[in-house]
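target.cif follows (mmCIF, C-alpha atoms):
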```
data_protein
loop_
_atom_site.label_atom_id
_atom_site.label_comp_id
_atom_site.auth_asym_id
_atom_site.auth_seq_id
_atom_site.Cartn_x
_atom_site.Cartn_y
_atom_site.Cartn_z
CA MET D 1 12.07 0.03 14.45
CA LEU D 2 11.91 -1.22 10.88
CA ILE D 3 10.23 -4.58 10.36
CA SER D 4 9.26 -6.86 7.49
CA SER D 5 5.66 -6.79 6.29
CA GLU D 6 5.39 -10.58 6.26
CA LYS D 7 4.14 -11.31 9.78
CA ILE D 8 1.76 -8.39 10.16
CA LEU D 9 0.08 -9.05 6.81
CA GLN D 10 -0.24 -12.74 7.57
CA SER D 11 -1.81 -11.84 10.90
CA ALA D 12 -4.25 -9.54 9.13
CA ARG D 13 -5.13 -12.30 6.67
CA ASP D 14 -5.69 -14.85 9.42
CA ASN D 15 -7.71 -12.59 11.68
CA GLY D 16 -9.98 -10.64 9.37
CA TYR D 17 -8.62 -7.12 9.38
CA ALA D 18 -6.29 -5.07 7.19
CA PHE D 19 -3.39 -2.67 7.44
CA PRO D 20 -3.54 0.68 5.70
CA HIS D 21 -0.53 1.48 3.53
CA PHE D 22 0.31 5.19 3.50
CA ASN D 23 2.37 6.78 0.74
CA TYR D 24 4.56 9.68 1.86
CA TRP D 25 5.95 12.43 -0.33
CA ASP D 26 7.94 14.60 2.12
CA SER D 27 8.95 14.84 5.77
CA ASN D 28 5.64 16.46 6.75
CA SER D 29 3.53 13.63 5.38
CA ILE D 30 5.68 10.87 6.86
CA ARG D 31 5.57 12.57 10.27
CA ALA D 32 1.77 12.82 10.09
CA GLU D 33 1.34 9.18 9.09
CA LEU D 34 3.69 8.02 11.81
CA ALA D 35 1.87 10.18 14.37
CA ALA D 36 -1.37 8.43 13.45
CA ALA D 37 0.19 5.02 14.04
CA GLU D 38 1.79 6.06 17.33
CA ASN D 39 -1.48 7.56 18.54
CA ARG D 40 -3.20 4.23 17.83
CA GLU D 41 -0.22 2.22 19.09
CA LEU D 42 -0.24 0.16 15.89
CA PRO D 43 2.38 -0.77 13.28
CA VAL D 44 2.45 1.33 10.15
CA ILE D 45 3.33 0.73 6.49
CA LEU D 46 5.09 3.81 5.12
CA ALA D 47 5.54 3.64 1.37
CA TRP D 48 7.32 5.52 -1.36
CA ALA D 49 6.41 4.88 -4.99
CA GLN D 50 8.90 4.86 -7.85
CA LYS D 51 6.58 7.13 -9.85
CA HIS D 52 7.09 9.85 -7.23
CA SER D 53 10.80 10.13 -8.07
CA GLY D 54 10.15 13.54 -9.63
CA GLU D 55 8.91 14.95 -6.32
CA ILE D 56 11.31 13.16 -4.00
CA GLY D 57 14.13 10.88 -5.12
CA VAL D 58 14.71 7.41 -3.79
CA GLU D 59 17.75 8.30 -1.70
CA ASP D 60 15.94 11.15 0.04
CA ALA D 61 12.83 8.98 0.52
CA LEU D 62 14.95 6.16 1.88
CA SER D 63 16.76 8.48 4.29
CA LEU D 64 13.45 9.79 5.63
CA GLY D 65 12.05 6.28 5.98
CA LYS D 66 15.11 4.93 7.74
CA TYR D 67 15.34 7.84 10.14
CA TYR D 68 11.67 7.97 11.14
CA GLY D 69 11.41 4.20 11.09
CA SER D 70 14.35 3.77 13.46
CA THR D 71 13.08 6.40 15.92
CA ALA D 72 9.39 5.42 15.85
CA LYS D 73 7.55 4.17 18.92
CA VAL D 74 5.77 1.55 16.82
CA PRO D 75 7.02 -1.01 14.27
CA VAL D 76 7.44 0.46 10.77
CA VAL D 77 7.39 -1.31 7.41
CA LEU D 78 9.31 0.75 4.87
CA HIS D 79 7.78 -0.29 1.57
CA LEU D 80 8.69 0.35 -2.06
CA ASP D 81 5.42 0.84 -3.92
CA HIS D 82 4.98 0.14 -7.65
CA GLY D 83 8.58 -0.57 -8.53
CA THR D 84 8.48 -1.12 -12.28
CA ASP D 85 12.19 -1.54 -13.00
CA PRO D 86 13.46 -4.91 -11.69
CA ASP D 87 17.02 -3.66 -11.16
CA PHE D 88 15.69 -0.65 -9.25
CA VAL D 89 13.53 -2.88 -7.04
CA LYS D 90 16.56 -5.05 -6.27
CA TRP D 91 18.57 -1.94 -5.37
CA CYS D 92 15.82 -0.87 -2.97
CA ALA D 93 15.74 -4.30 -1.33
CA ALA D 94 19.50 -4.17 -0.87
CA HIS D 95 19.63 -0.62 0.50
CA GLY D 96 17.05 -0.53 3.28
CA PHE D 97 13.47 -0.98 2.18
CA SER D 98 12.01 -3.72 4.38
CA SER D 99 9.37 -4.66 1.80
CA VAL D 100 9.25 -4.14 -1.96
CA MET D 101 6.75 -4.33 -4.79
CA ILE D 102 7.64 -5.37 -8.31
CA ASP D 103 4.87 -4.26 -10.63
CA ALA D 104 5.12 -6.03 -13.97
CA SER D 105 1.34 -6.26 -14.36
CA ALA D 106 1.43 -4.32 -17.63
CA GLU D 107 3.52 -7.12 -19.17
CA LYS D 108 2.22 -10.35 -20.65
CA TYR D 109 1.53 -13.03 -18.04
CA ASP D 110 4.67 -15.07 -18.81
CA ASP D 111 6.85 -11.97 -18.65
CA ASN D 112 5.22 -10.89 -15.39
CA VAL D 113 6.03 -14.30 -13.92
CA LYS D 114 9.63 -14.23 -15.15
CA ILE D 115 10.32 -10.72 -13.87
CA THR D 116 8.58 -11.27 -10.54
CA ARG D 117 10.25 -14.63 -9.90
CA ASP D 118 13.68 -13.09 -10.49
CA VAL D 119 13.02 -10.24 -8.06
CA VAL D 120 11.58 -12.62 -5.45
CA HIS D 121 14.63 -14.87 -5.66
CA TYR D 122 16.95 -11.90 -5.12
CA ALA D 123 14.94 -10.19 -2.37
CA HIS D 124 14.34 -13.38 -0.40
CA GLN D 125 18.09 -13.89 -0.07
CA LEU D 126 18.09 -10.55 1.76
CA GLY D 127 15.07 -11.43 3.91
CA VAL D 128 12.88 -8.88 2.12
CA PRO D 129 9.29 -9.88 1.23
CA VAL D 130 7.91 -9.06 -2.19
CA GLU D 131 4.50 -7.87 -3.35
CA ALA D 132 3.49 -8.26 -6.98
CA GLU D 133 0.40 -7.51 -9.05
CA ILE D 134 -1.72 -9.57 -11.39
CA GLY D 135 -4.67 -8.07 -13.20
CA HIS D 136 -4.69 -4.33 -13.79
CA VAL D 137 -5.66 -1.56 -11.37
CA GLY D 138 -6.40 1.37 -13.67
CA THR D 139 -6.76 5.09 -13.10
CA ASN D 140 -9.77 7.23 -12.26
CA SER D 141 -13.07 5.52 -13.13
CA SER D 142 -12.01 2.16 -14.57
CA THR D 143 -15.08 -0.10 -14.62
CA ASP D 144 -14.10 -2.80 -17.13
CA ASN D 145 -14.86 -6.11 -15.43
CA SER D 146 -12.43 -7.88 -17.75
CA THR D 147 -9.61 -6.37 -15.69
CA TYR D 148 -10.61 -8.33 -12.58
CA THR D 149 -7.90 -10.72 -11.44
CA GLU D 150 -8.70 -14.27 -12.51
CA VAL D 151 -8.53 -16.86 -9.73
CA GLU D 152 -6.80 -19.61 -11.70
CA ALA D 153 -4.20 -17.20 -13.02
CA ALA D 154 -3.55 -15.84 -9.53
CA VAL D 155 -3.07 -19.33 -8.09
CA GLN D 156 -0.63 -20.24 -10.84
CA PHE D 157 1.18 -16.91 -10.51
CA VAL D 158 1.78 -17.33 -6.77
CA LYS D 159 2.91 -20.91 -7.28
CA GLU D 160 5.40 -19.94 -9.99
CA THR D 161 6.81 -16.78 -8.39
CA LYS D 162 6.71 -17.54 -4.62
CA VAL D 163 5.56 -13.96 -4.07
CA ASP D 164 4.66 -12.99 -0.47
CA SER D 165 1.57 -10.85 -1.12
CA LEU D 166 -0.52 -10.17 -4.18
CA ALA D 167 -2.14 -6.97 -5.40
CA VAL D 168 -5.37 -7.88 -7.16
CA SER D 169 -7.81 -6.04 -9.38
CA ILE D 170 -11.26 -5.97 -7.77
CA GLY D 171 -12.79 -2.78 -9.19
CA THR D 172 -10.78 0.00 -7.54
CA SER D 173 -8.67 2.54 -9.45
CA HIS D 174 -5.79 4.87 -8.73
CA GLY D 175 -6.55 8.57 -8.38
CA VAL D 176 -9.84 10.44 -7.92
CA TYR D 177 -13.05 8.76 -9.10
CA GLN D 178 -15.00 10.82 -11.60
CA GLN D 179 -18.39 9.18 -11.03
CA GLY D 180 -18.84 8.38 -7.35
CA THR D 181 -17.60 5.28 -5.56
CA PRO D 182 -16.69 2.17 -7.54
CA LYS D 183 -18.51 -1.14 -7.60
CA LEU D 184 -16.20 -3.75 -6.11
CA ASN D 185 -16.27 -7.45 -6.89
CA PHE D 186 -16.61 -8.89 -3.39
CA LYS D 187 -17.29 -12.36 -4.70
CA ARG D 188 -13.96 -12.33 -6.51
CA ILE D 189 -12.15 -11.25 -3.34
CA ALA D 190 -13.63 -14.18 -1.43
CA GLU D 191 -12.73 -16.58 -4.24
CA LEU D 192 -9.16 -15.31 -4.32
CA LYS D 193 -8.74 -15.56 -0.56
CA GLY D 194 -10.15 -19.07 -0.54
CA SER D 195 -7.75 -20.18 -3.26
CA LEU D 196 -4.55 -18.46 -2.16
CA ASN D 197 -2.39 -18.68 0.96
CA VAL D 198 -0.85 -15.20 0.64
CA PRO D 199 -2.28 -11.85 1.81
CA LEU D 200 -4.28 -9.91 -0.78
CA VAL D 201 -3.62 -6.22 -1.44
CA CYS D 202 -6.07 -3.60 -2.70
CA HIS D 203 -4.54 -0.68 -4.59
CA GLY D 204 -6.49 2.51 -5.20
CA GLY D 205 -8.22 2.52 -1.83
CA SER D 206 -8.68 6.29 -1.67
CA SER D 207 -12.29 7.45 -2.11
CA SER D 208 -13.47 3.90 -2.72
CA GLY D 209 -16.05 4.31 0.07
CA ASP D 210 -15.75 3.21 3.68
CA GLU D 211 -18.47 0.57 3.40
CA ASN D 212 -16.89 -0.82 0.24
CA LEU D 213 -13.52 -1.07 1.92
CA ARG D 214 -14.90 -2.56 5.15
CA LYS D 215 -16.59 -5.29 3.17
CA ALA D 216 -13.49 -5.85 1.02
CA VAL D 217 -11.51 -6.42 4.21
CA GLU D 218 -14.18 -8.77 5.56
CA MET D 219 -14.00 -10.74 2.30
CA GLY D 220 -10.22 -11.13 2.47
CA ILE D 221 -8.18 -8.00 1.69
CA SER D 222 -5.23 -7.65 4.11
CA LYS D 223 -3.62 -4.37 2.96
CA VAL D 224 -5.20 -1.29 1.39
CA ASN D 225 -3.08 1.37 -0.30
CA ILE D 226 -3.98 4.99 0.49
CA PHE D 227 -2.35 8.00 -1.17
CA THR D 228 -4.79 10.34 -2.93
CA ASP D 229 -6.98 10.93 0.13
CA LEU D 230 -3.89 11.89 2.14
CA ALA D 231 -2.57 14.25 -0.54
CA ASN D 232 -5.99 15.81 -1.04
CA ALA D 233 -6.36 16.42 2.70
CA ALA D 234 -3.09 18.36 2.63
CA LEU D 235 -4.23 20.27 -0.46
CA LYS D 236 -7.60 21.15 1.06
CA VAL D 237 -5.89 22.71 4.07
CA ALA D 238 -3.82 24.88 1.74
CA GLN D 239 -6.96 26.14 0.01
CA GLU D 240 -9.10 26.80 3.08
CA LYS D 241 -7.41 29.85 4.58
CA GLU D 242 -4.37 32.06 4.75
CA TYR D 243 -1.78 31.19 7.37
CA SER D 244 0.31 33.50 9.50
CA SER D 245 3.46 31.44 8.91
CA GLN D 246 4.85 28.43 7.13
CA PHE D 247 5.05 26.69 10.51
CA GLU D 248 1.32 27.15 11.15
CA PHE D 249 0.60 25.86 7.65
CA SER D 250 2.80 22.78 8.13
CA VAL D 251 1.11 21.88 11.39
CA ALA D 252 -2.33 22.23 9.81
CA GLN D 253 -1.31 19.91 6.97
CA ARG D 254 0.13 17.34 9.38
CA ASP D 255 -3.05 17.38 11.43
CA ALA D 256 -5.18 16.86 8.32
CA VAL D 257 -3.09 13.96 7.01
CA GLN D 258 -2.95 12.35 10.45
CA SER D 259 -6.74 12.54 10.74
CA VAL D 260 -7.23 10.74 7.42
CA ALA D 261 -4.67 8.08 8.36
CA GLU D 262 -6.34 7.40 11.71
CA HIS D 263 -9.71 7.19 9.98
CA TYR D 264 -8.47 4.34 7.81
CA TYR D 265 -7.13 2.43 10.81
CA ASP D 266 -10.74 2.49 12.01
CA VAL D 267 -12.23 1.48 8.66
CA PHE D 268 -9.92 -1.54 8.38
CA ALA D 269 -10.38 -2.65 12.02
CA THR D 270 -6.60 -2.68 12.45
CA GLU D 271 -7.02 -2.46 16.22
CA LYS D 272 -7.53 -6.25 16.11
CA TYR D 273 -3.77 -6.55 15.69
CA SER D 274 -1.96 -7.72 18.81
CA TYR D 275 1.80 -7.82 19.34
#
```
File written out as structure tokens:
Amino acid sequence: MLISSEKILQSARDNGYAFPHFNYWDSNSIRAELAAAENRELPVILAWAQKHSGEIGVEDALSLGKYYGSTAKVPVVLHLDHGTDPDFVKWCAAHGFSSVMIDASAEKYDDNVKITRDVVHYAHQLGVPVEAEIGHVGTNSSTDNSTYTEVEAAVQFVKETKVDSLAVSIGTSHGVYQQGTPKLNFKRIAELKGSLNVPLVCHGGSSSGDENLRKAVEMGISKVNIFTDLANAALKVAQEKEYSSQFEFSVAQRDAVQSVAEHYYDVFATEKYSY
């Protein structure tokens, strides 16, 4: 069944573990990610990002999410990831996503607040929680410490917007790192958790290093977004051998994606969750 992200993320925040967030890009990937959750008997956050519209449109993504979410043996959060158009985010909240993200982090602070507050007001009337971002999670090997989320700004942002969870910049980046694992600012994570009453989200979790991510969760991260590692697992399978049929190939890809997804349940100690 489809559920809101609010209670499970609050539970993660209160009890020192995190939920992995898995982006899906087709029916094969969503089936693999759901299989991982069902095998572990844990809720799952299945996410589609607005930037993936070129590969799979929102209506197709929504149909897949609703179908697999409604037939799943575990609770499913159907999440809109990185919605950058406020009207689009509102549409998603109204048409079946059980959690949405408005990402106005590229805007000036005051504009980010204004846009986020408007989306939160709309989505909350529908019972849909909202994630937002403050600071900037870059791409590849971003190492500029000036992009770390500032504590005072985060506190003010949450107060002004009433957002339900907050994506923060702690040293991770989207995509594949060019120079090994990143150096995360664990002190900043602890400061943010101690100053805020909402769950903290880490974007760009792929390839950030298991020990890095374990410690980030211990310091206060409640959700970690994973996409690139899942996609690369599927790609690696395609490059390893020739397959006798498309069906054999699809199964191999599902197995690879499921294995990565289950691995991250272990890294984030999600088994601490109890219904």
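CA of Ala104 in chain D to CA of Ala167 in chain D spans 11.3 Å [interatomic distance, one decimal].
Surrounding residues of (-0.4, 19.0, 11.6) at most 12 Å away are Ser27, Asn28, Ser29, Ile30, Arg31, Ala32, Glu33, Leu34, Ala35, Ala36, Ala233, Ala234, Val237, Ala238, Gln246, Phe247, Glu248, Phe249, Ser250, Val251, Ala252, Gln253, Arg254, Asp255, Ala256, Val257, Gln258, Ser259 and Val260 of chain D (based on only C-alpha atoms).
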| message | Expand the PyMOL selection byres ((chain D and resi 180-189) around 7) into the explicit residue set it covers here, and present it as a VMD selection string. | response | chain D and resid 170 to 172 177 to 179 190 to 193 207 to 209 216 219 to 220
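In this comparison, which uses only C-alpha atoms, the residue of D:Lys114, D:His203, D:Arg40, D:Lys7 approaching Val77 in chain D most closely is D:Lys7.
You will find CA of Leu62 in chain D at 13.9 Å from CA of Gly83 in chain D.
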| request: Name the residues within 10 Å of (-4.0, -4.5, 11.7), counting all atoms listed in the file in the file's coordinates, and put them as a PyMOL selection string. | output: chain D and resi 8-13+15-20+42-44+222-223+265-266+268-274
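We find CA of Glu160 in chain D and CA of Phe97 in chain D to be spaced 23.9 Å apart.
When only C-alpha atoms are used to measure the gap to Ala94 in chain D, the shortest distance among D:Val224, D:Ile134, D:Phe22, D:Gln125 belongs to D:Gln125.
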| query | For this file, the PyMOL selection byres ((chain D and resi 196) around 12) selects which residues, as number ranges by chain? | reply | D: 13, 150-159, 162-166, 168, 189-195, 197-200, 220-221
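Using all atoms listed in the file, the smallest distance between any of D:Leu2, D:Val217, D:Leu235, D:Ile226 and Gly205 in chain D comes from D:Ile226.
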Go ahead and fit an axis-aligned box to every listed atom of range 212-230 of chain D plus 6 Å each side, and pass me the centre and edge lengths in Å, one decimal, as AutoDock Vina command-line options.
```
--center_x -9.6 --center_y 0.4 --center_z 1.3 --size_x 26.5 --size_y 35.0 --size_z 20.5
```
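Of the listed residues D:Trp25, D:Leu78, D:Gly96, D:Thr149, the one whose atoms come nearest to Gly54 in chain D is D:Trp25, with distances taken using all atoms listed in the file.
Here, the PyMOL selection byres ((chain D and resi 69) around 10) matches Met1, Leu2, Ile3, Ile30, Leu34, Val44, Ile45, Leu46, Ser63, Leu64, Gly65, Lys66, Tyr67, Tyr68, Ser70, Thr71, Ala72, Lys73, Val74, Pro75, Val76, Val77 and Leu78 of chain D.
Restricting the calculation to all atoms listed in the file, the smallest distance between His79 in chain D and any of D:Ala93, D:Leu126, D:Val201, D:Leu213 is found for D:Ala93.
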| field | Test item: residues at most 7 Å from Met101 in chain D, only C-alpha atoms, excluding those fewer than 6 positions along its chain, as a PyMOL selection string | value | chain D and resi 80-83+130-132
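The closest residue to Ser53 in chain D, picked from D:Tyr109, D:Asp26, D:Ser99, D:Lys90 and counting all atoms listed in the file, is D:Asp26.
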